[in-house]
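Shown next: final.cif, given as mmCIF, C-alpha atoms.
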data_run
loop_
_atom_site.group_PDB
_atom_site.id
_atom_site.type_symbol
_atom_site.label_atom_id
_atom_site.label_comp_id
_atom_site.auth_asym_id
_atom_site.auth_seq_id
_atom_site.Cartn_x
_atom_site.Cartn_y
_atom_site.Cartn_z
ATOM 1 C CA MET A 1 -72.641 25.661 141.688
ATOM 2 C CA SER A 2 -75.476 24.271 143.768
ATOM 3 C CA CYS A 3 -79.135 25.137 143.508
ATOM 4 C CA ARG A 4 -81.329 25.314 146.556
ATOM 5 C CA GLN A 5 -85.030 24.724 146.236
ATOM 6 C CA LEU A 6 -87.689 26.391 148.299
ATOM 7 C CA PRO A 7 -89.360 24.112 150.837
ATOM 8 C CA GLU A 8 -92.303 22.217 149.394
ATOM 9 C CA VAL A 9 -95.543 24.092 149.953
ATOM 10 C CA ARG A 10 -99.099 23.475 148.898
ATOM 11 C CA ARG A 11 -99.708 25.087 145.569
ATOM 12 C CA GLY A 12 -102.776 27.092 144.767
ATOM 13 C CA PRO A 13 -105.228 25.950 142.155
ATOM 14 C CA PRO A 14 -103.957 25.892 138.590
ATOM 15 C CA LEU A 15 -105.108 28.651 136.297
ATOM 16 C CA PRO A 16 -108.331 27.754 134.453
ATOM 17 C CA ARG A 17 -107.735 26.191 131.027
ATOM 18 C CA THR A 18 -109.449 29.140 129.340
ATOM 19 C CA VAL A 19 -106.839 31.564 130.710
ATOM 20 C CA THR A 20 -103.649 31.786 128.716
ATOM 21 C CA THR A 21 -100.466 32.335 130.638
ATOM 22 C CA VAL A 22 -97.294 34.285 130.160
ATOM 23 C CA TYR A 23 -94.032 33.153 131.624
ATOM 24 C CA ALA A 24 -91.522 35.687 132.822
ATOM 25 C CA ILE A 25 -87.980 35.877 134.061
ATOM 26 C CA ALA A 26 -87.353 38.304 136.896
ATOM 27 C CA ILE A 27 -83.726 39.308 137.246
ATOM 28 C CA ILE A 28 -83.091 40.713 140.702
ATOM 29 C CA ARG A 29 -79.925 42.774 141.143
ATOM 30 C CA TYR A 30 -78.778 43.685 144.643
ATOM 31 C CA ARG A 31 -78.350 47.417 145.239
ATOM 32 C CA ARG A 32 -77.112 47.226 148.824
ATOM 33 C CA PRO A 33 -74.242 45.358 150.546
ATOM 34 C CA LEU A 34 -74.708 41.615 150.950
ATOM 35 C CA ASP A 35 -75.036 41.845 154.761
ATOM 36 C CA GLU A 36 -78.169 44.004 154.277
ATOM 37 C CA ILE A 37 -79.525 41.480 151.772
ATOM 38 C CA ILE A 38 -78.938 38.600 154.195
ATOM 39 C CA ALA A 39 -80.714 40.518 156.979
ATOM 40 C CA ALA A 40 -83.875 40.702 154.821
ATOM 41 C CA GLN A 41 -83.541 37.221 153.337
ATOM 42 C CA ASP A 42 -86.098 35.470 155.594
ATOM 43 C CA GLU A 43 -88.767 38.049 154.754
ATOM 44 C CA HIS A 44 -87.939 37.737 151.043
ATOM 45 C CA ARG A 45 -88.110 33.926 151.142
ATOM 46 C CA ALA A 46 -91.458 34.005 152.959
ATOM 47 C CA TYR A 47 -92.737 36.218 150.146
ATOM 48 C CA LEU A 48 -91.415 33.759 147.547
ATOM 49 C CA ARG A 49 -93.192 30.901 149.344
ATOM 50 C CA SER A 50 -96.464 32.848 149.080
ATOM 51 C CA LEU A 51 -95.908 33.304 145.329
ATOM 52 C CA GLN A 52 -95.176 29.596 145.005
ATOM 53 C CA ALA A 53 -98.325 28.683 146.953
ATOM 54 C CA GLU A 54 -100.496 30.734 144.591
ATOM 55 C CA GLY A 55 -98.869 29.137 141.530
ATOM 56 C CA THR A 56 -97.066 32.268 140.306
ATOM 57 C CA LEU A 57 -93.494 31.266 141.195
ATOM 58 C CA LEU A 58 -92.111 28.217 139.390
ATOM 59 C CA ALA A 59 -88.415 28.451 140.352
ATOM 60 C CA ALA A 60 -86.094 30.808 142.226
ATOM 61 C CA GLY A 61 -82.467 31.026 143.170
ATOM 62 C CA PRO A 62 -79.426 33.240 143.634
ATOM 63 C CA MET A 63 -76.962 34.102 140.895
ATOM 64 C CA ASP A 64 -73.394 32.859 141.099
ATOM 65 C CA PRO A 65 -71.543 34.991 142.078
ATOM 66 C CA ARG A 66 -74.154 36.281 144.504
ATOM 67 C CA THR A 67 -74.977 39.646 142.970
ATOM 68 C CA GLY A 68 -78.709 38.976 142.793
ATOM 69 C CA GLY A 69 -81.165 36.254 141.907
ATOM 70 C CA MET A 70 -83.658 35.095 139.319
ATOM 71 C CA LEU A 71 -87.285 34.019 139.383
ATOM 72 C CA LEU A 72 -89.233 32.021 136.827
ATOM 73 C CA LEU A 73 -92.835 33.214 136.974
ATOM 74 C CA ARG A 74 -96.198 32.347 135.415
ATOM 75 C CA VAL A 75 -98.975 34.949 135.263
ATOM 76 C CA PRO A 76 -102.301 35.273 133.401
ATOM 77 C CA ASP A 77 -101.935 36.835 129.956
ATOM 78 C CA GLY A 78 -104.791 39.321 130.376
ATOM 79 C CA ASN A 79 -102.712 41.815 132.358
ATOM 80 C CA ALA A 80 -99.249 40.284 132.514
ATOM 81 C CA ALA A 81 -97.490 43.634 132.981
ATOM 82 C CA GLY A 82 -99.693 44.501 135.959
ATOM 83 C CA ALA A 83 -99.230 41.054 137.511
ATOM 84 C CA LEU A 84 -95.455 41.278 137.116
ATOM 85 C CA ASP A 85 -95.421 44.770 138.619
ATOM 86 C CA ARG A 86 -97.319 43.399 141.641
ATOM 87 C CA VAL A 87 -94.729 40.613 142.043
ATOM 88 C CA ARG A 88 -91.922 43.190 142.054
ATOM 89 C CA ASP A 89 -93.742 45.685 144.263
ATOM 90 C CA GLY A 90 -94.588 43.048 146.878
ATOM 91 C CA ASP A 91 -91.048 41.751 147.322
ATOM 92 C CA PRO A 92 -89.435 42.989 150.543
ATOM 93 C CA PHE A 93 -86.156 43.398 148.639
ATOM 94 C CA SER A 94 -87.917 45.923 146.395
ATOM 95 C CA VAL A 95 -90.005 47.505 149.167
ATOM 96 C CA HIS A 96 -86.882 48.227 151.253
ATOM 97 C CA GLY A 97 -84.803 49.435 148.288
ATOM 98 C CA LEU A 98 -82.392 46.514 148.527
ATOM 99 C CA ALA A 99 -82.718 45.278 144.955
ATOM 100 C CA GLN A 100 -83.822 46.269 141.501
ATOM 101 C CA TYR A 101 -86.029 44.051 139.333
ATOM 102 C CA GLU A 102 -85.845 43.552 135.590
ATOM 103 C CA LEU A 103 -89.026 41.830 134.371
ATOM 104 C CA LEU A 104 -88.902 40.020 131.050
ATOM 105 C CA ALA A 105 -92.147 38.513 129.727
ATOM 106 C CA TRP A 106 -91.504 35.315 127.826
ATOM 107 C CA LYS A 107 -93.650 33.155 125.561
ATOM 108 C CA PRO A 108 -91.794 29.845 125.137
ATOM 109 C CA VAL A 109 -92.238 27.985 121.879
ATOM 110 C CA ASP A 110 -94.487 24.929 122.084
ATOM 111 C CA ARG A 111 -92.080 22.051 121.488
ATOM 112 C CA LYS A 112 -94.834 19.954 119.895
ATOM 113 C CA SER A 113 -95.516 22.442 117.117
ATOM 114 C CA THR A 114 -92.055 23.896 116.504
ATOM 115 C CA ARG A 115 -88.695 22.204 116.726
ATOM 116 C CA LEU A 116 -85.367 23.932 116.904
ATOM 117 C CA ASN A 117 -83.078 22.183 114.499
ATOM 118 C CA SER A 118 -80.117 22.977 112.311
ATOM 119 C CA SER A 119 -82.294 25.085 110.012
ATOM 120 C CA HIS A 120 -83.164 27.356 112.962
ATOM 121 C CA VAL A 121 -79.980 27.399 115.046
ATOM 122 C CA SER A 122 -76.483 26.814 113.821
ATOM 123 C CA GLU A 123 -74.553 24.499 116.127
ATOM 124 C CA SER A 124 -71.581 26.850 115.969
ATOM 125 C CA ARG A 125 -73.725 29.649 117.404
ATOM 126 C CA MET A 126 -75.023 27.677 120.371
ATOM 127 C CA PRO A 127 -73.365 28.381 123.729
ATOM 128 C CA SER A 128 -70.842 25.755 124.797
ATOM 129 C CA SER A 129 -72.874 25.054 127.962
ATOM 130 C CA ALA A 130 -75.998 24.117 125.967
#
Kindly return the structure encoded in the file as structure tokens.
Amino acid sequence: MSCRQLPEVRRGPPLPRTVTTVYAIAIIRYRRPLDEIIAAQDEHRAYLRSLQAEGTLLAAGPMDPRTGGMLLLRVPDGNAAGALDRVRDGDPFSVHGLAQYELLAWKPVDRKSTRLNSSHVSESRMPSSA
């Protein structure tokens, strides 16, 4: 499986230090045949580049097999749900009814203050790909 990166673009200013952020995973599931998805792909990728330029999009890529894609997002914590709705509602895939979004807000654990170790996760329960 290969991962393609978006072309490098200038990123917008980082969020001010006083603003806390929420990370999110957007799972995009195609709802139309792949040929319709491919026809709208350039418009979708241009939209992703705009999200990357403003600092909202951290990573993006298709699923394997190609039944959709995923985005890793960062939005201000003040109105994370509203910001995530705007990301979904602005995507041409969503606008044209080509895909459905599932938005999952995520607050990763600070690795400096909390460590996952054997007392938190049993090795036998960890996925084999980890």
Can you translate the PyMOL selection byres ((chain A and resi 60-66) around 12) into the concrete residues it hits in this file, as a compact mmCIF listing (two decimals) with C-alpha atoms, in the coordinates of the input?
# COMPACT_ATOMS: atom_id res chain seq x y z
CA MET A 1 -72.64 25.66 141.69
CA SER A 2 -75.48 24.27 143.77
CA CYS A 3 -79.14 25.14 143.51
CA ARG A 4 -81.33 25.31 146.56
CA GLN A 5 -85.03 24.72 146.24
CA LEU A 6 -87.69 26.39 148.30
CA PRO A 7 -89.36 24.11 150.84
CA ALA A 24 -91.52 35.69 132.82
CA ILE A 25 -87.98 35.88 134.06
CA ALA A 26 -87.35 38.30 136.90
CA ILE A 27 -83.73 39.31 137.25
CA ILE A 28 -83.09 40.71 140.70
CA ARG A 29 -79.92 42.77 141.14
CA TYR A 30 -78.78 43.68 144.64
CA ARG A 31 -78.35 47.42 145.24
CA PRO A 33 -74.24 45.36 150.55
CA LEU A 34 -74.71 41.62 150.95
CA ASP A 35 -75.04 41.84 154.76
CA ILE A 37 -79.53 41.48 151.77
CA ILE A 38 -78.94 38.60 154.20
CA GLN A 41 -83.54 37.22 153.34
CA HIS A 44 -87.94 37.74 151.04
CA ARG A 45 -88.11 33.93 151.14
CA TYR A 47 -92.74 36.22 150.15
CA LEU A 48 -91.42 33.76 147.55
CA ARG A 49 -93.19 30.90 149.34
CA LEU A 51 -95.91 33.30 145.33
CA GLN A 52 -95.18 29.60 145.00
CA THR A 56 -97.07 32.27 140.31
CA LEU A 57 -93.49 31.27 141.20
CA LEU A 58 -92.11 28.22 139.39
CA ALA A 59 -88.42 28.45 140.35
CA THR A 67 -74.98 39.65 142.97
CA GLY A 68 -78.71 38.98 142.79
CA GLY A 69 -81.17 36.25 141.91
CA MET A 70 -83.66 35.10 139.32
CA LEU A 71 -87.28 34.02 139.38
CA LEU A 72 -89.23 32.02 136.83
CA LEU A 73 -92.84 33.21 136.97
Within 6 Å of (-102.2, 30.9, 130.6), in the coordinates the file gives, what residues turn up when you count all atoms listed in the file, written out as an mmCIF file with C-alpha atoms, in the frame of the given file?
data_model
loop_
_atom_site.group_PDB
_atom_site.id
_atom_site.type_symbol
_atom_site.label_atom_id
_atom_site.label_comp_id
_atom_site.auth_asym_id
_atom_site.auth_seq_id
_atom_site.Cartn_x
_atom_site.Cartn_y
_atom_site.Cartn_z
ATOM 1 C CA VAL A 19 -106.839 31.564 130.710
ATOM 2 C CA THR A 20 -103.649 31.786 128.716
ATOM 3 C CA THR A 21 -100.466 32.335 130.638
ATOM 4 C CA VAL A 22 -97.294 34.285 130.160
ATOM 5 C CA PRO A 76 -102.301 35.273 133.401
ATOM 6 C CA ASP A 77 -101.935 36.835 129.956
#
Work out how far atom CA of A:Val109 is from atom CA of A:Asp89, in Å to one decimal.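 About the pair atom CA of A:Asp89 and atom CA of A:Val109: they are 28.6 Å apart.
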Do you have the atom CA of A:Phe93-atom CA of A:Glu36 distance handy?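 A separation of 9.8 Å between them.
In this structure, atom CA of A:Glu54 sits 17.2 Å away from atom CA of A:Gly78.
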Minimum-distance residue to A:Arg32, chosen among A:Val75, A:Ala46, A:Leu98, A:Ala80 (using all atoms listed in the file):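 Once distances to A:Arg32 are computed over all atoms listed in the file, the minimum belongs to A:Leu98.
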Centre, edges in Å (one decimal): axis-aligned box, stretch 52-63 of chain A, 8 Å padding on all six sides, as JSON:
{"center_x": -88.7, "center_y": 31.2, "center_z": 143.2, "size_x": 39.5, "size_y": 21.9, "size_z": 23.6}
